[in-house]
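S.K.: I'm passing along data_22.pdb; it holds PDB, C-alpha atoms.
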```pdb
ATOM      1  CA  MET W   1      88.937  87.418 128.472
ATOM      2  CA  GLU W   2      88.238  91.149 128.379
ATOM      3  CA  LEU W   3      90.496  93.679 130.064
ATOM      4  CA  LEU W   4      90.576  97.451 130.287
ATOM      5  CA  VAL W   5      93.898  98.617 128.833
ATOM      6  CA  ASN W   6      94.626 102.329 128.458
ATOM      7  CA  GLY W   7      90.941 102.965 129.008
ATOM      8  CA  HIS W   8      89.780 100.686 126.183
ATOM      9  CA  LYS W   9      88.287  97.209 126.073
ATOM     10  CA  THR W  10      90.914  94.653 125.081
ATOM     11  CA  PHE W  11      90.246  91.042 124.142
ATOM     12  CA  CYS W  12      92.669  88.216 124.861
ATOM     13  CA  TYR W  13      92.027  84.586 124.025
ATOM     14  CA  THR W  14      93.056  82.485 127.031
ATOM     15  CA  GLY W  15      92.322  78.974 125.827
ATOM     16  CA  GLY W  16      89.265  78.962 128.065
ATOM     17  CA  LYS W  17      91.339  79.160 131.238
ATOM     18  CA  PRO W  18      91.101  81.862 133.925
ATOM     19  CA  PHE W  19      94.232  83.861 134.678
ATOM     20  CA  ASN W  20      96.199  82.157 137.451
ATOM     21  CA  PRO W  21      98.792  84.450 139.084
ATOM     22  CA  VAL W  22     100.980  81.528 140.173
ATOM     23  CA  GLN W  23     101.451  80.312 136.573
ATOM     24  CA  PRO W  24     103.836  81.746 133.990
ATOM     25  CA  THR W  25     102.290  83.978 131.335
ATOM     26  CA  VAL W  26     102.776  84.067 127.574
ATOM     27  CA  VAL W  27     101.577  86.921 125.353
ATOM     28  CA  MET W  28     100.982  86.079 121.682
ATOM     29  CA  VAL W  29     100.971  88.972 119.201
ATOM     30  CA  HIS W  30      99.512  88.689 115.696
ATOM     31  CA  GLY W  31     100.609  90.352 112.465
ATOM     32  CA  VAL W  32      98.968  92.708 109.976
ATOM     33  CA  VAL W  33      95.258  92.003 109.215
ATOM     34  CA  ASN W  34      95.275  89.083 111.629
ATOM     35  CA  ASP W  35      93.891  88.556 115.130
ATOM     36  CA  HIS W  36      94.269  86.183 118.083
ATOM     37  CA  SER W  37      92.900  83.234 116.088
ATOM     38  CA  VAL W  38      96.140  82.721 114.135
ATOM     39  CA  TRP W  39      97.563  81.119 117.306
ATOM     40  CA  ALA W  40      94.611  78.709 117.686
ATOM     41  CA  MET W  41      96.480  75.426 118.070
ATOM     42  CA  GLN W  42      99.509  76.729 119.983
ATOM     43  CA  SER W  43      97.495  78.894 122.383
ATOM     44  CA  ARG W  44      95.112  76.053 123.282
ATOM     45  CA  TYR W  45      97.987  73.690 124.018
ATOM     46  CA  LEU W  46      99.872  76.147 126.217
ATOM     47  CA  ALA W  47      96.701  77.105 128.108
ATOM     48  CA  ASN W  48      96.180  73.444 128.956
ATOM     49  CA  HIS W  49      99.786  72.842 129.974
ATOM     50  CA  GLY W  50     100.444  75.306 132.754
ATOM     51  CA  TRP W  51     100.560  78.695 131.036
ATOM     52  CA  ASN W  52      98.417  81.799 131.277
ATOM     53  CA  VAL W  53      97.822  82.599 127.594
ATOM     54  CA  LEU W  54      97.046  86.106 126.405
ATOM     55  CA  ALA W  55      96.572  85.808 122.640
ATOM     56  CA  VAL W  56      95.650  89.420 122.109
ATOM     57  CA  ASP W  57      93.676  91.326 119.509
ATOM     58  CA  LEU W  58      95.716  94.511 119.063
ATOM     59  CA  PRO W  59      93.808  97.776 119.604
ATOM     60  CA  GLY W  60      91.436  98.616 116.772
ATOM     61  CA  HIS W  61      91.447  95.002 115.590
ATOM     62  CA  CYS W  62      88.355  92.762 115.812
ATOM     63  CA  LYS W  63      87.339  92.443 119.492
ATOM     64  CA  SER W  64      89.684  95.097 120.900
ATOM     65  CA  ALA W  65      88.774  98.777 120.983
ATOM     66  CA  GLY W  66      91.052 101.796 121.034
ATOM     67  CA  PRO W  67      93.259 103.445 118.410
ATOM     68  CA  ALA W  68      95.034 100.992 116.117
ATOM     69  CA  PRO W  69      98.806 101.300 116.687
ATOM     70  CA  ALA W  70     100.536 103.518 114.141
ATOM     71  CA  SER W  71     104.025 102.272 114.972
ATOM     72  CA  VAL W  72     105.854  99.304 116.435
ATOM     73  CA  GLU W  73     106.764 101.460 119.415
ATOM     74  CA  ASP W  74     103.114 102.356 120.118
ATOM     75  CA  ALA W  75     102.133  98.694 119.971
ATOM     76  CA  ALA W  76     105.006  97.715 122.294
ATOM     77  CA  GLU W  77     103.779 100.209 124.889
ATOM     78  CA  PHE W  78     100.334  98.639 124.594
ATOM     79  CA  ILE W  79     101.795  95.185 125.352
ATOM     80  CA  ILE W  80     103.454  96.584 128.481
ATOM     81  CA  ALA W  81     100.169  98.198 129.536
ATOM     82  CA  LEU W  82      98.406  94.859 128.934
ATOM     83  CA  LEU W  83     100.771  93.085 131.346
ATOM     84  CA  ASP W  84     100.186  95.803 133.924
ATOM     85  CA  ALA W  85      96.417  95.530 133.509
ATOM     86  CA  VAL W  86      96.376  91.764 134.073
ATOM     87  CA  GLY W  87      98.890  91.951 136.911
ATOM     88  CA  ALA W  88     101.574  89.781 135.308
ATOM     89  CA  PRO W  89     105.003  90.554 136.771
ATOM     90  CA  ARG W  90     106.774  88.704 133.939
ATOM     91  CA  ALA W  91     105.799  87.183 130.620
ATOM     92  CA  ALA W  92     107.132  85.357 127.599
ATOM     93  CA  LEU W  93     106.482  87.323 124.406
ATOM     94  CA  VAL W  94     105.688  85.553 121.133
ATOM     95  CA  GLY W  95     105.105  87.509 117.933
ATOM     96  CA  HIS W  96     104.470  86.730 114.263
ATOM     97  CA  SER W  97     105.561  89.014 111.406
ATOM     98  CA  TRP W  98     104.616  92.581 112.470
ATOM     99  CA  GLY W  99     103.865  91.054 115.857
ATOM    100  CA  SER W 100     107.471  89.834 116.049
ATOM    101  CA  LEU W 101     108.726  93.427 115.833
ATOM    102  CA  ILE W 102     106.213  94.447 118.491
ATOM    103  CA  ALA W 103     107.316  91.600 120.784
ATOM    104  CA  LEU W 104     110.976  92.492 120.189
ATOM    105  CA  GLU W 105     110.501  96.160 121.037
ATOM    106  CA  ALA W 106     108.371  95.309 124.081
ATOM    107  CA  ALA W 107     110.983  92.833 125.372
ATOM    108  CA  ALA W 108     113.701  95.457 125.065
ATOM    109  CA  ARG W 109     111.613  97.898 127.103
ATOM    110  CA  LEU W 110     110.483  95.316 129.669
ATOM    111  CA  GLN W 111     114.014  94.043 130.348
ATOM    112  CA  GLU W 112     113.839  91.384 133.130
ATOM    113  CA  ARG W 113     110.035  91.367 132.954
ATOM    114  CA  ALA W 114     110.352  89.512 129.637
ATOM    115  CA  SER W 115     111.229  85.881 130.401
ATOM    116  CA  HIS W 116     111.458  84.640 126.784
ATOM    117  CA  LEU W 117     111.189  86.163 123.312
ATOM    118  CA  VAL W 118     109.972  84.208 120.274
ATOM    119  CA  LEU W 119     110.138  85.807 116.828
ATOM    120  CA  VAL W 120     108.127  83.880 114.227
ATOM    121  CA  GLY W 121     108.483  84.896 110.589
ATOM    122  CA  THR W 122     110.566  87.928 111.463
ATOM    123  CA  ALA W 123     112.846  90.260 109.525
ATOM    124  CA  PHE W 124     114.727  93.463 110.116
ATOM    125  CA  PRO W 125     114.367  95.768 108.461
ATOM    126  CA  MET W 126     110.873  94.698 107.413
ATOM    127  CA  PRO W 127     110.290  96.722 104.246
ATOM    128  CA  VAL W 128     106.974  96.426 102.451
ATOM    129  CA  SER W 129     106.932  96.823  98.681
ATOM    130  CA  PRO W 130     105.439 100.106  97.435
ATOM    131  CA  ALA W 131     102.955  98.093  95.360
ATOM    132  CA  LEU W 132     101.634  96.339  98.469
ATOM    133  CA  ILE W 133     101.487  99.543 100.486
ATOM    134  CA  GLU W 134      99.562 101.281  97.708
ATOM    135  CA  ALA W 135      97.210  98.329  97.205
ATOM    136  CA  SER W 136      96.505  98.053 100.932
ATOM    137  CA  LEU W 137      95.156 101.602 100.747
ATOM    138  CA  SER W 138      93.470 101.732  97.337
ATOM    139  CA  ASP W 139      92.446  98.116  96.762
ATOM    140  CA  PRO W 140      92.575  96.080 100.005
ATOM    141  CA  GLU W 141      90.987  93.024  98.393
ATOM    142  CA  LYS W 142      93.807  92.884  95.840
ATOM    143  CA  ALA W 143      96.390  93.344  98.590
ATOM    144  CA  LEU W 144      94.827  90.548 100.647
ATOM    145  CA  HIS W 145      95.044  88.245  97.656
ATOM    146  CA  MET W 146      98.682  89.216  97.083
ATOM    147  CA  ILE W 147      99.826  88.518 100.626
ATOM    148  CA  ASN W 148      97.915  85.256 100.821
ATOM    149  CA  VAL W 149      99.647  84.042  97.671
ATOM    150  CA  PHE W 150     103.083  85.204  98.814
ATOM    151  CA  SER W 151     102.638  84.003 102.408
ATOM    152  CA  ARG W 152     101.914  80.348 101.837
ATOM    153  CA  SER W 153     103.861  77.328 100.675
ATOM    154  CA  THR W 154     100.747  75.116 100.746
ATOM    155  CA  LEU W 155      96.992  75.485 100.458
ATOM    156  CA  CYS W 156      96.396  72.320 102.470
ATOM    157  CA  ALA W 157      96.744  72.832 106.213
ATOM    158  CA  PRO W 158      97.585  69.840 108.407
ATOM    159  CA  PRO W 159      94.507  68.643 110.323
ATOM    160  CA  THR W 160      96.014  69.757 113.638
ATOM    161  CA  ALA W 161      95.820  73.398 112.512
ATOM    162  CA  LEU W 162      92.245  74.284 111.651
ATOM    163  CA  GLY W 163      90.560  70.921 111.176
ATOM    164  CA  PRO W 164      90.549  68.457 108.282
ATOM    165  CA  GLY W 165      89.542  69.902 104.929
ATOM    166  CA  THR W 166      90.049  73.553 105.863
ATOM    167  CA  TRP W 167      90.624  75.830 102.867
ATOM    168  CA  VAL W 168      93.443  77.870 104.372
ATOM    169  CA  PHE W 169      93.617  80.422 101.557
ATOM    170  CA  GLY W 170      89.904  81.179 101.783
ATOM    171  CA  ALA W 171      89.978  81.152 105.582
ATOM    172  CA  ASN W 172      92.773  83.703 105.702
ATOM    173  CA  MET W 173      91.088  85.887 103.079
ATOM    174  CA  ALA W 174      87.964  85.852 105.248
ATOM    175  CA  LEU W 175      90.010  86.697 108.341
ATOM    176  CA  GLY W 176      91.631  89.650 106.593
ATOM    177  CA  ARG W 177      88.254  90.988 105.477
ATOM    178  CA  ARG W 178      86.886  90.594 108.997
ATOM    179  CA  VAL W 179      89.811  92.455 110.528
ATOM    180  CA  LEU W 180      89.504  95.284 108.002
ATOM    181  CA  ARG W 181      85.755  95.650 108.549
ATOM    182  CA  SER W 182      86.141  95.618 112.320
ATOM    183  CA  ASN W 183      87.594  99.137 112.168
ATOM    184  CA  ARG W 184      85.539 101.636 110.197
ATOM    185  CA  GLU W 185      87.740 104.589 111.156
ATOM    186  CA  VAL W 186      91.226 103.398 110.195
ATOM    187  CA  ASN W 187      92.568 101.169 107.451
ATOM    188  CA  VAL W 188      94.515  98.804 109.725
ATOM    189  CA  PHE W 189      95.984  97.042 106.689
ATOM    190  CA  HIS W 190      97.783 100.169 105.459
ATOM    191  CA  ARG W 191      98.613 101.339 108.978
ATOM    192  CA  GLY W 192     100.179  98.008 109.912
ATOM    193  CA  PHE W 193     102.239  97.863 106.729
ATOM    194  CA  MET W 194     103.496 101.407 107.312
ATOM    195  CA  ALA W 195     104.472 100.494 110.890
ATOM    196  CA  CYS W 196     106.520  97.527 109.606
ATOM    197  CA  ASP W 197     108.116  99.558 106.840
ATOM    198  CA  SER W 198     109.131 102.474 109.073
ATOM    199  CA  TYR W 199     110.458 100.582 112.116
ATOM    200  CA  ALA W 200     114.159 101.370 112.562
ATOM    201  CA  GLY W 201     114.869 100.116 116.072
ATOM    202  CA  GLY W 202     115.298  96.384 115.577
ATOM    203  CA  GLU W 203     119.051  95.992 116.033
ATOM    204  CA  ALA W 204     119.110  98.368 119.003
ATOM    205  CA  ALA W 205     116.222  96.449 120.589
ATOM    206  CA  ILE W 206     117.736  92.976 120.131
ATOM    207  CA  ALA W 207     120.969  94.202 121.714
ATOM    208  CA  ARG W 208     119.050  95.400 124.795
ATOM    209  CA  ILE W 209     116.899  92.344 125.523
ATOM    210  CA  ALA W 210     117.579  90.546 128.807
ATOM    211  CA  CYS W 211     116.046  87.161 127.908
ATOM    212  CA  PRO W 212     116.748  84.232 125.558
ATOM    213  CA  VAL W 213     115.382  84.564 122.033
ATOM    214  CA  LEU W 214     114.054  81.973 119.579
ATOM    215  CA  PHE W 215     113.851  82.657 115.844
ATOM    216  CA  ALA W 216     111.294  80.408 114.102
ATOM    217  CA  LEU W 217     111.817  80.945 110.380
ATOM    218  CA  GLY W 218     110.094  79.443 107.348
ATOM    219  CA  THR W 219     112.545  78.190 104.757
ATOM    220  CA  GLN W 220     110.004  78.930 101.987
ATOM    221  CA  ASP W 221     108.868  82.265 103.448
ATOM    222  CA  GLN W 222     108.556  84.885 100.681
ATOM    223  CA  MET W 223     107.264  87.665 102.963
ATOM    224  CA  THR W 224     110.046  87.615 105.556
ATOM    225  CA  THR W 225     112.780  85.444 104.104
ATOM    226  CA  PRO W 226     115.189  83.690 106.506
ATOM    227  CA  LYS W 227     118.007  85.814 105.049
ATOM    228  CA  ALA W 228     116.177  88.956 106.182
ATOM    229  CA  ALA W 229     116.419  87.836 109.828
ATOM    230  CA  GLN W 230     120.188  87.414 109.781
ATOM    231  CA  SER W 231     121.007  90.950 110.913
ATOM    232  CA  LEU W 232     118.953  90.413 114.077
ATOM    233  CA  ILE W 233     120.494  86.996 114.685
ATOM    234  CA  SER W 234     124.022  88.316 114.183
ATOM    235  CA  THR W 235     123.441  91.350 116.400
ATOM    236  CA  ALA W 236     121.960  89.191 119.163
ATOM    237  CA  ARG W 237     124.872  86.767 119.064
ATOM    238  CA  ALA W 238     127.442  89.553 118.962
ATOM    239  CA  ALA W 239     125.785  91.031 122.071
ATOM    240  CA  GLY W 240     126.122  87.688 123.873
ATOM    241  CA  LYS W 241     122.434  86.839 123.898
ATOM    242  CA  ASN W 242     121.104  83.305 124.241
ATOM    243  CA  VAL W 243     119.959  82.667 120.660
ATOM    244  CA  GLN W 244     118.192  79.653 119.168
ATOM    245  CA  VAL W 245     117.171  79.347 115.504
ATOM    246  CA  VAL W 246     114.628  76.826 114.230
ATOM    247  CA  SER W 247     113.994  76.361 110.502
ATOM    248  CA  LEU W 248     110.528  75.209 109.478
ATOM    249  CA  PRO W 249     109.987  73.821 105.935
ATOM    250  CA  VAL W 250     107.054  76.134 105.176
ATOM    251  CA  GLY W 251     106.131  79.691 104.224
ATOM    252  CA  HIS W 252     105.139  82.728 106.272
ATOM    253  CA  HIS W 253     102.154  81.236 108.129
ATOM    254  CA  GLN W 254     104.159  78.836 110.254
ATOM    255  CA  MET W 255     101.407  78.473 112.867
ATOM    256  CA  THR W 256      98.984  76.855 110.389
ATOM    257  CA  GLU W 257     101.370  75.423 107.786
ATOM    258  CA  ALA W 258     103.525  73.653 110.386
ATOM    259  CA  PRO W 259     101.377  73.803 113.533
ATOM    260  CA  GLU W 260     102.963  70.903 115.387
ATOM    261  CA  GLU W 261     106.537  71.853 114.509
ATOM    262  CA  THR W 262     105.866  75.450 115.564
ATOM    263  CA  LEU W 263     104.303  74.263 118.815
ATOM    264  CA  PHE W 264     107.167  71.880 119.580
ATOM    265  CA  ALA W 265     109.712  74.656 119.046
ATOM    266  CA  LEU W 266     107.706  76.956 121.345
ATOM    267  CA  ARG W 267     107.178  74.286 123.977
ATOM    268  CA  GLU W 268     110.817  73.287 124.188
ATOM    269  CA  PHE W 269     112.029  76.881 124.251
ATOM    270  CA  LEU W 270     109.535  78.030 126.899
ATOM    271  CA  ALA W 271     110.415  75.044 129.097
ATOM    272  CA  ARG W 272     113.915  76.421 129.607
TER     273      ARG W 272
END
```
Take the structure I supplied and represent it as structure tokens, if you would.

M.R.:
Amino acid sequence: MELLVNGHKTFCYTGGKPFNPVQPTVVMVHGVVNDHSVWAMQSRYLANHGWNVLAVDLPGHCKSAGPAPASVEDAAEFIIALLDAVGAPRAALVGHSWGSLIALEAAARLQERASHLVLVGTAFPMPVSPALIEASLSDPEKALHMINVFSRSTLCAPPTALGPGTWVFGANMALGRRVLRSNREVNVFHRGFMACDSYAGGEAAIARIACPVLFALGTQDQMTTPKAAQSLISTARAAGKNVQVVSLPVGHHQMTEAPEETLFALREFLAR
């Protein structure tokens, strides 16, 4: 599905279903050097079970045009503009890694327009090591290799993720290269890392949300460790928010390492 958002072509994967205004809507936001395809299994299921799915390519990434967001706040405003463009009065927001910060900030700004918030592989703050930031700029191939080693607890994806026999390490390396080469003007790798590293509004945002929130955390996640999400969880609970935490026995790529468990957590939470 292609939309015009802020004057630029924006691509959203919908699971092959047309947008139906009487159905609830879920927006799925990817992380750094990823695109809509990271939600392949979960987006297809939701699209075939009563949801409008908008698994978006962020601006300047793959099939979406426009300036790549330089901050979490810029990306959150884009998500709001996306909902306005499609005519969705409310939506559930689901984000992974950098996308989790974007979904969080957007939910805080949307208030009652956000029906649910799901933070997959999240942390706050979300600092990026200087070595990774430097490598993302000077040697992106090295940085891609680093994050694909750190991000995964297994190299063997379950068959429900990408199909039997898929080489998940190689597939994600190829995805990262494709995302990088899709934007010849901006290094979206470095820009995304800098947006994660500089975001300071997480605790203020989680205290302002007006919807229930699910944290889906990987117990073996080396990129955003479960411990690094505790400040958000504690702030949300102290503010009286409806908080649910699900622990998945995998690393940072929960959607492909534990596709069914991630889907079940999403499905049960969104059914509330």

S.K.: Since I can't run it myself right now, could you work out what the PyMOL selection byres ((chain W and resi 237) around 12) selects here and report it as a PyMOL selection string?

M.R.: chain W and resi 203+206-209+212-214+230-236+238-245

S.K.: Report as a PyMOL selection string the residues that result from applying the PyMOL selection byres ((chain W and resi 53) around 7) to the structure here.

M.R.: chain W and resi 14-15+25-27+43+46-47+51-52+54-55

S.K.: Can you tell me, as a compact mmCIF listing (two decimals) with C-alpha atoms, in the coordinates of the input, what residues are no more than 10 Å from Gly218 in chain W when counting only C-alpha atoms, ignoring any on the same chain fewer than 3 positions away?

M.R.:
```
# COMPACT_ATOMS: atom_id res chain seq x y z
CA VAL W 120 108.13 83.88 114.23
CA GLY W 121 108.48 84.90 110.59
CA THR W 122 110.57 87.93 111.46
CA ARG W 152 101.91 80.35 101.84
CA SER W 153 103.86 77.33 100.68
CA PHE W 215 113.85 82.66 115.84
CA ASP W 221 108.87 82.26 103.45
CA GLN W 222 108.56 84.88 100.68
CA MET W 223 107.26 87.66 102.96
CA THR W 224 110.05 87.62 105.56
CA THR W 225 112.78 85.44 104.10
CA PRO W 226 115.19 83.69 106.51
CA VAL W 246 114.63 76.83 114.23
CA SER W 247 113.99 76.36 110.50
CA LEU W 248 110.53 75.21 109.48
CA PRO W 249 109.99 73.82 105.94
CA VAL W 250 107.05 76.13 105.18
CA GLY W 251 106.13 79.69 104.22
CA HIS W 252 105.14 82.73 106.27
CA HIS W 253 102.15 81.24 108.13
CA GLN W 254 104.16 78.84 110.25
CA GLU W 257 101.37 75.42 107.79
CA ALA W 258 103.52 73.65 110.39
```

S.K.: If you measure from CA of Tyr45 in chain W to CA of Leu144 in chain W, what distance in Å do you get, rounded to one decimal?

M.R.: 29.0 Å

S.K.: Using all atoms listed in the file, which residues sit within 12 Å of Ala81 in chain W once same-chain residues fewer than 4 positions away are excluded, as a list in words?

M.R.: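 Returned residues: Leu3, Leu4, Val5, Asn6, Gly7, His8, Thr10, Leu58, Pro59, Asp74, Ala75, Ala76, Glu77, Ala85, Val86, Gly87, Ala88, Pro89, Ala106, Arg109 and Leu110 of chain W.
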
S.K.: Since we have the selection now, will you write its residues out, keeping C-alpha atoms, as a compact mmCIF listing (two decimals), in the frame of the given file?

M.R.:
```txt
# COMPACT_ATOMS: atom_id res chain seq x y z
CA LEU W 3 90.50 93.68 130.06
CA LEU W 4 90.58 97.45 130.29
CA VAL W 5 93.90 98.62 128.83
CA ASN W 6 94.63 102.33 128.46
CA GLY W 7 90.94 102.96 129.01
CA HIS W 8 89.78 100.69 126.18
CA THR W 10 90.91 94.65 125.08
CA LEU W 58 95.72 94.51 119.06
CA PRO W 59 93.81 97.78 119.60
CA ASP W 74 103.11 102.36 120.12
CA ALA W 75 102.13 98.69 119.97
CA ALA W 76 105.01 97.72 122.29
CA GLU W 77 103.78 100.21 124.89
CA ALA W 85 96.42 95.53 133.51
CA VAL W 86 96.38 91.76 134.07
CA GLY W 87 98.89 91.95 136.91
CA ALA W 88 101.57 89.78 135.31
CA PRO W 89 105.00 90.55 136.77
CA ALA W 106 108.37 95.31 124.08
CA ARG W 109 111.61 97.90 127.10
CA LEU W 110 110.48 95.32 129.67
```

S.K.: Give the answer as one residue: which of W:Met1, W:Ala92, W:Ala204, W:Val72 has the shortest atom-to-atom distance to Gln23 in chain W, using only C-alpha atoms?

M.R.: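 Of the candidates, the smallest distance to Gln23 in chain W is held by W:Ala92.
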
S.K.: When the PyMOL selection byres ((chain W and resi 113) around 8) is applied to the file above, which residues end up in the set, as JSON, numbers by chain?

M.R.: {"W": [89, 90, 91, 107, 110, 111, 112, 114, 115]}

S.K.: With the cut-off set at 9 Å and counting all atoms listed in the file, tabulate each residue of range 118-222 of chain W with an atom at most that distance from an atom of range 93-101 of chain W, showing the nearest atom pair and its distance in Å to one decimal, ordered by chain and increasing number, as JSON lines.

M.R.:
```
{"residue": "W:Val118", "atom": "CA", "partner": "W:Val94", "partner_atom": "CA", "distance": 4.6}
{"residue": "W:Leu119", "atom": "CA", "partner": "W:Ser100", "partner_atom": "CA", "distance": 4.9}
{"residue": "W:Val120", "atom": "CA", "partner": "W:His96", "partner_atom": "CA", "distance": 4.6}
{"residue": "W:Gly121", "atom": "CA", "partner": "W:Ser97", "partner_atom": "CA", "distance": 5.1}
{"residue": "W:Thr122", "atom": "CA", "partner": "W:Ser97", "partner_atom": "CA", "distance": 5.1}
{"residue": "W:Ala123", "atom": "CA", "partner": "W:Ser97", "partner_atom": "CA", "distance": 7.6}
{"residue": "W:Phe124", "atom": "CA", "partner": "W:Leu101", "partner_atom": "CA", "distance": 8.3}
{"residue": "W:Met126", "atom": "CA", "partner": "W:Trp98", "partner_atom": "CA", "distance": 8.3}
{"residue": "W:Gly192", "atom": "CA", "partner": "W:Trp98", "partner_atom": "CA", "distance": 7.5}
{"residue": "W:Phe193", "atom": "CA", "partner": "W:Trp98", "partner_atom": "CA", "distance": 8.2}
{"residue": "W:Ala195", "atom": "CA", "partner": "W:Trp98", "partner_atom": "CA", "distance": 8.1}
{"residue": "W:Cys196", "atom": "CA", "partner": "W:Trp98", "partner_atom": "CA", "distance": 6.0}
{"residue": "W:Tyr199", "atom": "CA", "partner": "W:Leu101", "partner_atom": "CA", "distance": 8.2}
{"residue": "W:Gly202", "atom": "CA", "partner": "W:Leu101", "partner_atom": "CA", "distance": 7.2}
```

S.K.: With 10 Å as the threshold, what does the neighbourhood of (98.7, 76.1, 120.3) contain in terms of residues, counting only C-alpha atoms? Coordinates are those of the file; answer as an MDAnalysis selection string.

M.R.: chainID W and resid 15 38:48 53 160:161 255:256 259:260 262:264 266:267

S.K.: Go ahead and dump the residues you just picked, C-alpha atoms, as a tab-separated table (two decimals), in the frame of the given file.

M.R.:
```
chain	number	residue	atom	x	y	z
W	15	GLY	CA	92.32	78.97	125.83
W	38	VAL	CA	96.14	82.72	114.14
W	39	TRP	CA	97.56	81.12	117.31
W	40	ALA	CA	94.61	78.71	117.69
W	41	MET	CA	96.48	75.43	118.07
W	42	GLN	CA	99.51	76.73	119.98
W	43	SER	CA	97.50	78.89	122.38
W	44	ARG	CA	95.11	76.05	123.28
W	45	TYR	CA	97.99	73.69	124.02
W	46	LEU	CA	99.87	76.15	126.22
W	47	ALA	CA	96.70	77.10	128.11
W	48	ASN	CA	96.18	73.44	128.96
W	53	VAL	CA	97.82	82.60	127.59
W	160	THR	CA	96.01	69.76	113.64
W	161	ALA	CA	95.82	73.40	112.51
W	255	MET	CA	101.41	78.47	112.87
W	256	THR	CA	98.98	76.86	110.39
W	259	PRO	CA	101.38	73.80	113.53
W	260	GLU	CA	102.96	70.90	115.39
W	262	THR	CA	105.87	75.45	115.56
W	263	LEU	CA	104.30	74.26	118.82
W	264	PHE	CA	107.17	71.88	119.58
W	266	LEU	CA	107.71	76.96	121.34
W	267	ARG	CA	107.18	74.29	123.98
```

S.K.: Since fewer atoms than expected are present, regenerate all heavy atoms for range 167-171 of chain W and write them as a JSON list (two decimals), in the frame of the given file.

M.R.:
```
[["chain", "number", "residue", "atom", "x", "y", "z"],
["W", 167, "TRP", "N", 90.06, 75.10, 104.00],
["W", 167, "TRP", "CA", 90.62, 75.83, 102.87],
["W", 167, "TRP", "C", 91.38, 77.02, 103.44],
["W", 167, "TRP", "O", 90.80, 78.05, 103.73],
["W", 167, "TRP", "CB", 89.50, 76.28, 101.93],
["W", 167, "TRP", "CG", 89.97, 77.01, 100.71],
["W", 167, "TRP", "CD1", 91.14, 76.82, 100.02],
["W", 167, "TRP", "CD2", 89.26, 78.04, 100.01],
["W", 167, "TRP", "NE1", 91.22, 77.67, 98.96],
["W", 167, "TRP", "CE2", 90.08, 78.42, 98.91],
["W", 167, "TRP", "CE3", 88.04, 78.66, 100.20],
["W", 167, "TRP", "CZ2", 89.68, 79.41, 98.02],
["W", 167, "TRP", "CZ3", 87.64, 79.63, 99.31],
["W", 167, "TRP", "CH2", 88.45, 80.01, 98.23],
["W", 168, "VAL", "N", 92.68, 76.86, 103.63],
["W", 168, "VAL", "CA", 93.44, 77.87, 104.37],
["W", 168, "VAL", "C", 93.52, 79.20, 103.64],
["W", 168, "VAL", "O", 93.51, 80.26, 104.27],
["W", 168, "VAL", "CB", 94.85, 77.36, 104.73],
["W", 168, "VAL", "CG1", 94.79, 76.25, 105.76],
["W", 168, "VAL", "CG2", 95.61, 76.92, 103.49],
["W", 169, "PHE", "N", 93.59, 79.17, 102.31],
["W", 169, "PHE", "CA", 93.62, 80.42, 101.56],
["W", 169, "PHE", "C", 92.33, 81.20, 101.78],
["W", 169, "PHE", "O", 92.33, 82.39, 102.13],
["W", 169, "PHE", "CB", 93.84, 80.15, 100.07],
["W", 169, "PHE", "CG", 93.85, 81.39, 99.22],
["W", 169, "PHE", "CD1", 95.02, 82.11, 99.04],
["W", 169, "PHE", "CD2", 92.69, 81.85, 98.62],
["W", 169, "PHE", "CE1", 95.04, 83.27, 98.26],
["W", 169, "PHE", "CE2", 92.69, 83.00, 97.85],
["W", 169, "PHE", "CZ", 93.86, 83.72, 97.66],
["W", 170, "GLY", "N", 91.19, 80.52, 101.59],
["W", 170, "GLY", "CA", 89.90, 81.18, 101.78],
["W", 170, "GLY", "C", 89.69, 81.62, 103.22],
["W", 170, "GLY", "O", 89.13, 82.70, 103.48],
["W", 171, "ALA", "N", 90.14, 80.79, 104.17],
["W", 171, "ALA", "CA", 89.98, 81.15, 105.58],
["W", 171, "ALA", "C", 90.76, 82.41, 105.91],
["W", 171, "ALA", "O", 90.27, 83.29, 106.64],
["W", 171, "ALA", "CB", 90.44, 79.99, 106.47]]
```
